[in-house]
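Undergrad: Please see the structure below; I have some questions.
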2 protein chains.
Amino acid sequence: MNPKIERLIKQFARLPRLGARAGQRIVLSLLQDKTGRAENLANALLDAAATIRPCPRCGVLTDADAGLCEFCRDASRANGQLCVVRDLADVWTLEKSAVFHGRYHILGGLISGASGTVPEDLNILTLPERIKSECITEVIFALPNTVEGKTTQHYVISVVGDVPNVRFSELASGVPLGGDLDYLDDGTLSLAFDGRRGV
Amino acid sequence: MNPKIERLIKQFARLPRLGARAGQRIVLSLLQDKTGRAENLANALLDAAATIRPCPRCGVLTDADAGLCEFCRDASRANGQLCVVRDLADVWTLEKSAVFHGRYHILGGLISGASGTVPEDLNILTLPERIKSECITEVIFALPNTVEGKTTQHYVISVVGDVPNVRFSELASGVPLGGDLDYLDDGTLSLAFDGRRGV
């Protein structure tokens, strides 16, 4: 195989959840396209890589020129609610569902022995200052419902400490909408029983 | 979402067999990477798009500077065998299996009413000249075992016509290696019966 094509395939193959076959398919389709799709993609990628930076306040990727991100600049989102998430993909998911209209705080990962992520790797220490300066009244944890997620949540709460008039909350655990009990794992079932509500 | 990021995600999402979620995942991983992976990928893509062209003889993608592709330049491959395939991915598959050591001829598609591909869209008319000038003695069809593949094969044979000392062959049909009869479709089973061999 031509070495340039081979190198390009390898670079695509290393992208998350792709692989050698997907890389081949993508490179073939791009190099055989006559409408300039390869150049357009490459130029858009170069432009984004040069100008997109994490928001210095919340961590959402945004235009470096803009300073703060679209959420932090939007005054209507200063409603006192701050949603703590693991990464930007979670922000996008929450935005798509339109259930939350406050501001975000991206940790950039979870405390984890397995991956060796320690609290210092995460964007936690700026949180107490944000809570004060943005008059936050509720910190909502929307972290994965896993050991790592809960560990991180406990750690963040211990760092923030007791702030008067600020309450902490987390997303409810239980049976997903349309969820069939037959297909639920024991952990979810146990959480759903513990959190049962009167009807 | 930031418009630059949104546009980039859309461009990745349109690549074959990706989609919105895969696009998001890829763009996030590229823009959050601090080792220059985004720039490297973009530059490799620009370089390939600017310099890679189909070989004027067989259609394999190759450096434009090199003239003919690595197969057509390799004298040891002038063994009289010419393998007719649909596209470059098929060449790569055959090369990986190392079952064939002659030259290739890429049609660039198959005759198909469904996709509206007519013979004029394909690289067929140069074939008689290649057979003569490269002293081909066997034309091996390695096309998909489908109606379109067989239609195209018949058409190509009719275009090449009767050339003395040239034989046409096609890949054998039948039960794949490790294939369980239980999981075989009727068409394959019928081909395997028709092609049964004495043991």
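Chain identifiers are assigned as A, B, and so on, following the order in which chains appear in the structure tokens; residues are numbered from 1 within each chain, and ligands are numbered from 1 in order of appearance.
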Residues of range 5-192 of chain B classed as helix (DSSP H, G or I) by DSSP on the backbone are to be reported as a VMD selection string.
TA: chain B and resid 5 to 13 20 to 32 37 to 51 64 to 66 70 to 73 75 to 77 88 to 97 119 to 121 127 to 133 147 to 160 181 to 183 186 to 192
Undergrad: Enumerate as an MDAnalysis selection string the residues belonging to chain B that approach chain A to within 9 Å, with only C-alpha atoms taken into account.
TA: chainID B and resid 1:2 4:5 7:8 11:12 15:18 22 24:32 36:50 52:54 61:63 69:70 88:89 92 95
Undergrad: One number please: CA of Arg103 in chain B to CA of Leu122 in chain B, in Å, one decimal.
TA: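 Atom-to-atom, CA of Arg103 in chain B to CA of Leu122 in chain B, that is 18.0 Å.
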Undergrad: Give me, as a list in words, all polymer residues having an atom no more than 12 Å from Arg73 in chain A, counting only C-alpha atoms and skipping those fewer than 3 positions away in the same chain.
TA: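 Residues near the query, excluding close chain neighbours: Cys55, Pro56, Arg57, Cys58, Val60, Thr62, Ala66, Gly67, Leu68, Cys69, Glu70, Ser76, Arg77, Ala78, Gly102, Arg103 and Tyr104 of chain A.
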Undergrad: Produce a file of the selected residues containing C-alpha atoms, as a compact mmCIF listing (two decimals), in the first residue's frame.
TA:
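The result, written out as part-v3.txt:
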```
# COMPACT_ATOMS: atom_id res chain seq x y z
CA CYS A 55 -13.64 28.14 28.58
CA PRO A 56 -11.38 29.38 31.41
CA ARG A 57 -14.33 29.32 33.80
CA CYS A 58 -16.29 26.11 33.11
CA VAL A 60 -16.64 24.01 27.72
CA THR A 62 -15.22 27.55 22.78
CA ALA A 66 -14.78 34.89 22.67
CA GLY A 67 -13.16 34.64 26.10
CA LEU A 68 -15.85 32.85 28.08
CA CYS A 69 -18.06 30.17 26.47
CA GLU A 70 -21.64 30.69 25.28
CA SER A 76 -30.16 34.12 31.46
CA ARG A 77 -28.25 31.05 32.61
CA ALA A 78 -27.12 32.77 35.83
CA GLY A 102 -28.15 26.93 34.42
CA ARG A 103 -24.38 26.85 34.04
CA TYR A 104 -21.97 23.94 33.79
```
Undergrad: Fewer than 3 positions away in the same chain doesn't count, so skip those; otherwise give me all residues within 9 Å of range 160-166 of chain B, counting only C-alpha atoms, as a PyMOL selection string.
TA: chain B and resi 124-125+127-128+131-132+136-139+155-157
Undergrad: Set the distance at 12 Å and use only C-alpha atoms: which residues neighbour Gly174 in chain B once local chain neighbours fewer than 2 positions away are removed? I'd like the list as an NGL selection string.
TA: :B and (145 or 171-172 or 176-181 or 184-197)
Undergrad: Can you spit out the residues from that selection as a compact mmCIF listing (two decimals), in the first residue's frame, using N, CA, C and O atoms?
TA:
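Writing done, so here's result-v6.txt:
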```txt
# COMPACT_ATOMS: atom_id res chain seq x y z
N ASN B 145 -20.13 -11.48 -5.37
CA ASN B 145 -20.97 -12.59 -5.84
C ASN B 145 -22.44 -12.17 -5.76
O ASN B 145 -23.23 -12.76 -5.02
N LEU B 171 -13.82 -16.24 -9.21
CA LEU B 171 -13.59 -16.91 -7.94
C LEU B 171 -14.65 -18.00 -7.73
O LEU B 171 -15.78 -17.87 -8.20
N ALA B 172 -14.27 -19.08 -7.04
CA ALA B 172 -15.22 -20.16 -6.77
C ALA B 172 -16.29 -19.69 -5.79
O ALA B 172 -16.04 -18.86 -4.92
N PRO B 176 -18.20 -20.95 2.89
CA PRO B 176 -16.95 -20.34 3.36
C PRO B 176 -16.25 -21.25 4.37
O PRO B 176 -16.88 -22.09 5.01
N LEU B 177 -14.93 -21.07 4.50
CA LEU B 177 -14.15 -21.85 5.45
C LEU B 177 -14.70 -21.64 6.86
O LEU B 177 -14.92 -20.51 7.28
N GLY B 178 -14.95 -22.73 7.57
CA GLY B 178 -15.55 -22.62 8.90
C GLY B 178 -17.04 -22.36 8.85
O GLY B 178 -17.68 -22.16 9.88
N GLY B 179 -17.61 -22.36 7.65
CA GLY B 179 -19.02 -22.01 7.49
C GLY B 179 -19.93 -23.13 7.97
O GLY B 179 -19.72 -24.30 7.64
N ASP B 180 -20.94 -22.78 8.73
CA ASP B 180 -21.90 -23.73 9.26
C ASP B 180 -23.10 -23.72 8.33
O ASP B 180 -23.63 -22.66 8.01
N LEU B 181 -23.53 -24.91 7.88
CA LEU B 181 -24.63 -24.97 6.90
C LEU B 181 -25.88 -24.28 7.44
O LEU B 181 -26.64 -23.65 6.70
N LEU B 184 -26.05 -20.68 6.48
CA LEU B 184 -25.87 -20.30 5.09
C LEU B 184 -27.20 -19.93 4.46
O LEU B 184 -28.23 -20.54 4.75
N ASP B 185 -27.18 -18.94 3.57
CA ASP B 185 -28.39 -18.59 2.83
C ASP B 185 -28.62 -19.61 1.72
O ASP B 185 -27.72 -20.34 1.32
N ASP B 186 -29.84 -19.64 1.21
CA ASP B 186 -30.21 -20.61 0.17
C ASP B 186 -29.37 -20.45 -1.09
O ASP B 186 -29.01 -21.44 -1.74
N GLY B 187 -29.08 -19.21 -1.46
CA GLY B 187 -28.32 -18.96 -2.68
C GLY B 187 -26.95 -19.60 -2.63
O GLY B 187 -26.54 -20.30 -3.56
N THR B 188 -26.25 -19.39 -1.52
CA THR B 188 -24.91 -19.97 -1.37
C THR B 188 -24.98 -21.49 -1.38
O THR B 188 -24.18 -22.18 -2.02
N LEU B 189 -25.99 -22.02 -0.67
CA LEU B 189 -26.16 -23.47 -0.59
C LEU B 189 -26.38 -24.06 -1.98
O LEU B 189 -25.80 -25.08 -2.34
N SER B 190 -27.20 -23.37 -2.77
CA SER B 190 -27.50 -23.84 -4.11
C SER B 190 -26.24 -23.79 -4.98
O SER B 190 -25.95 -24.74 -5.73
N LEU B 191 -25.44 -22.72 -4.86
CA LEU B 191 -24.18 -22.63 -5.61
C LEU B 191 -23.22 -23.72 -5.19
O LEU B 191 -22.52 -24.32 -6.01
N ALA B 192 -23.19 -24.02 -3.90
CA ALA B 192 -22.28 -25.03 -3.38
C ALA B 192 -22.67 -26.42 -3.89
O ALA B 192 -21.81 -27.25 -4.18
N PHE B 193 -23.99 -26.67 -4.01
CA PHE B 193 -24.44 -27.95 -4.55
C PHE B 193 -24.10 -28.08 -6.02
O PHE B 193 -23.57 -29.10 -6.46
N ASP B 194 -24.41 -27.00 -6.79
CA ASP B 194 -24.11 -27.01 -8.22
C ASP B 194 -22.63 -27.24 -8.48
O ASP B 194 -22.24 -27.88 -9.45
N GLY B 195 -21.79 -26.70 -7.60
CA GLY B 195 -20.35 -26.76 -7.84
C GLY B 195 -19.69 -27.91 -7.10
O GLY B 195 -18.48 -27.91 -6.91
N ARG B 196 -20.46 -28.91 -6.65
CA ARG B 196 -19.89 -29.97 -5.82
C ARG B 196 -18.80 -30.73 -6.57
O ARG B 196 -18.86 -30.89 -7.79
N ARG B 197 -17.81 -31.18 -5.83
CA ARG B 197 -16.67 -31.85 -6.44
C ARG B 197 -16.57 -33.27 -5.93
O ARG B 197 -16.90 -33.56 -4.77
```
Undergrad: Run DSSP on the backbone and grab whatever in range 42-138 of chain A lands in strand (DSSP E or B); send it over as a PyMOL selection string.
TA: chain A and resi 52-54+61-63+81-85+103-106+112+117+138
Undergrad: Once you have the residues from the selection above, write them out as a short mmCIF file (atom, residue, chain, number, x, y, z; two decimals), in the first residue's frame, restricted to all heavy atoms.
TA:
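Below is the file selection15.cif, written as the result:
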```cif
data_model
loop_
_atom_site.label_atom_id
_atom_site.label_comp_id
_atom_site.auth_asym_id
_atom_site.auth_seq_id
_atom_site.Cartn_x
_atom_site.Cartn_y
_atom_site.Cartn_z
N ILE A 52 -10.02 26.81 18.94
CA ILE A 52 -10.93 26.34 19.99
C ILE A 52 -10.15 26.04 21.27
O ILE A 52 -9.13 25.35 21.22
CB ILE A 52 -11.69 25.08 19.52
CG1 ILE A 52 -12.54 25.38 18.29
CG2 ILE A 52 -12.53 24.49 20.64
CD1 ILE A 52 -13.74 26.25 18.56
N ARG A 53 -10.62 26.60 22.39
CA ARG A 53 -9.96 26.39 23.69
C ARG A 53 -11.03 26.12 24.73
O ARG A 53 -12.18 26.51 24.55
CB ARG A 53 -9.19 27.65 24.09
CG ARG A 53 -8.02 28.00 23.21
CD ARG A 53 -6.82 27.10 23.51
NE ARG A 53 -5.75 27.32 22.54
CZ ARG A 53 -5.66 26.72 21.36
NH1 ARG A 53 -6.56 25.84 20.99
NH2 ARG A 53 -4.64 26.96 20.55
N PRO A 54 -10.67 25.48 25.87
CA PRO A 54 -11.66 25.32 26.94
C PRO A 54 -11.98 26.68 27.56
O PRO A 54 -11.07 27.51 27.73
CB PRO A 54 -10.95 24.42 27.97
CG PRO A 54 -9.75 23.87 27.29
CD PRO A 54 -9.38 24.84 26.21
N LEU A 61 -15.56 23.71 25.53
CA LEU A 61 -14.72 24.16 24.41
C LEU A 61 -15.40 25.32 23.70
O LEU A 61 -16.59 25.26 23.38
CB LEU A 61 -14.48 23.01 23.43
CG LEU A 61 -13.55 21.90 23.91
CD1 LEU A 61 -13.43 20.82 22.84
CD2 LEU A 61 -12.17 22.44 24.26
N THR A 62 -14.63 26.36 23.40
CA THR A 62 -15.22 27.55 22.78
C THR A 62 -14.15 28.31 22.01
O THR A 62 -12.96 28.01 22.12
CB THR A 62 -15.83 28.45 23.88
OG1 THR A 62 -16.59 29.47 23.27
CG2 THR A 62 -14.75 29.07 24.75
N ASP A 63 -14.58 29.27 21.18
CA ASP A 63 -13.65 30.12 20.44
C ASP A 63 -12.76 30.87 21.43
O ASP A 63 -13.26 31.54 22.33
CB ASP A 63 -14.43 31.15 19.63
CG ASP A 63 -14.51 30.75 18.19
OD1 ASP A 63 -13.50 30.89 17.49
OD2 ASP A 63 -15.59 30.26 17.77
N GLN A 81 -28.08 27.85 39.49
CA GLN A 81 -27.84 26.40 39.41
C GLN A 81 -26.54 26.14 38.67
O GLN A 81 -26.27 26.72 37.62
CB GLN A 81 -28.98 25.72 38.66
CG GLN A 81 -30.29 25.70 39.47
CD GLN A 81 -31.36 24.93 38.73
OE1 GLN A 81 -31.48 25.00 37.51
NE2 GLN A 81 -32.16 24.17 39.48
N LEU A 82 -25.74 25.22 39.23
CA LEU A 82 -24.48 24.85 38.59
C LEU A 82 -24.45 23.33 38.46
O LEU A 82 -24.59 22.61 39.46
CB LEU A 82 -23.29 25.32 39.44
CG LEU A 82 -21.91 25.14 38.81
CD1 LEU A 82 -21.75 26.04 37.60
CD2 LEU A 82 -20.82 25.44 39.83
N CYS A 83 -24.30 22.84 37.24
CA CYS A 83 -24.34 21.39 37.00
C CYS A 83 -22.90 20.89 36.80
O CYS A 83 -22.21 21.32 35.87
CB CYS A 83 -25.18 21.12 35.76
SG CYS A 83 -25.40 19.38 35.46
N VAL A 84 -22.48 19.97 37.67
CA VAL A 84 -21.12 19.42 37.60
C VAL A 84 -21.14 18.16 36.74
O VAL A 84 -21.87 17.21 37.05
CB VAL A 84 -20.59 19.10 39.01
CG1 VAL A 84 -19.23 18.44 38.94
CG2 VAL A 84 -20.52 20.38 39.84
N VAL A 85 -20.38 18.15 35.64
CA VAL A 85 -20.35 17.00 34.74
C VAL A 85 -18.91 16.54 34.53
O VAL A 85 -17.96 17.26 34.84
CB VAL A 85 -20.98 17.33 33.37
CG1 VAL A 85 -22.47 17.63 33.52
CG2 VAL A 85 -20.27 18.48 32.71
N ARG A 103 -25.75 26.91 34.58
CA ARG A 103 -24.38 26.85 34.04
C ARG A 103 -23.74 25.51 34.35
O ARG A 103 -24.22 24.75 35.19
CB ARG A 103 -23.56 27.99 34.63
CG ARG A 103 -24.04 29.33 34.07
CD ARG A 103 -22.95 30.36 34.09
NE ARG A 103 -23.40 31.55 33.36
CZ ARG A 103 -23.30 32.80 33.82
NH1 ARG A 103 -22.74 33.03 34.99
NH2 ARG A 103 -23.72 33.81 33.08
N TYR A 104 -22.65 25.23 33.64
CA TYR A 104 -21.97 23.94 33.79
C TYR A 104 -20.60 24.11 34.44
O TYR A 104 -20.01 25.18 34.41
CB TYR A 104 -21.77 23.30 32.41
CG TYR A 104 -23.06 22.87 31.78
CD1 TYR A 104 -23.67 23.64 30.81
CD2 TYR A 104 -23.68 21.69 32.17
CE1 TYR A 104 -24.87 23.25 30.22
CE2 TYR A 104 -24.87 21.29 31.59
CZ TYR A 104 -25.46 22.07 30.62
OH TYR A 104 -26.63 21.68 30.07
N HIS A 105 -20.12 23.01 34.99
CA HIS A 105 -18.74 22.95 35.45
C HIS A 105 -18.17 21.58 35.04
O HIS A 105 -18.61 20.55 35.55
CB HIS A 105 -18.66 23.14 36.97
CG HIS A 105 -17.25 23.34 37.45
ND1 HIS A 105 -16.65 24.57 37.42
CD2 HIS A 105 -16.33 22.48 37.93
CE1 HIS A 105 -15.41 24.47 37.88
NE2 HIS A 105 -15.19 23.20 38.19
N ILE A 106 -17.24 21.60 34.10
CA ILE A 106 -16.68 20.35 33.59
C ILE A 106 -15.45 19.96 34.41
O ILE A 106 -14.48 20.72 34.50
CB ILE A 106 -16.28 20.51 32.11
CG1 ILE A 106 -17.53 20.78 31.26
CG2 ILE A 106 -15.55 19.27 31.61
CD1 ILE A 106 -17.24 20.91 29.78
N SER A 112 -10.10 8.10 39.78
CA SER A 112 -10.14 6.67 39.45
C SER A 112 -8.79 6.03 39.69
O SER A 112 -7.76 6.50 39.17
CB SER A 112 -10.55 6.52 37.98
OG SER A 112 -10.10 5.28 37.49
N THR A 117 -6.33 8.57 37.71
CA THR A 117 -6.71 9.98 37.75
C THR A 117 -6.86 10.43 39.21
O THR A 117 -7.67 9.87 39.95
CB THR A 117 -8.05 10.20 37.01
OG1 THR A 117 -7.93 9.64 35.70
CG2 THR A 117 -8.38 11.68 36.91
N GLU A 138 -27.52 26.08 44.10
CA GLU A 138 -27.64 24.63 44.02
C GLU A 138 -26.57 24.06 43.11
O GLU A 138 -26.42 24.51 41.96
CB GLU A 138 -29.03 24.21 43.50
CG GLU A 138 -29.19 22.70 43.45
CD GLU A 138 -30.58 22.25 42.99
OE1 GLU A 138 -31.36 23.12 42.60
OE2 GLU A 138 -30.83 21.04 43.04
#
```
Undergrad: Which distance in Å separates CA of Leu143 in chain B and CA of Ala98 in chain B, to one decimal?
TA: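 CA of Ala98 in chain B lies 17.0 Å from CA of Leu143 in chain B.
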Undergrad: B:Lys150, B:Phe100, B:Ile111, B:Val118: which is nearest Asn79 in chain B, counting only C-alpha atoms?
TA: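 Closest candidate: B:Phe100.
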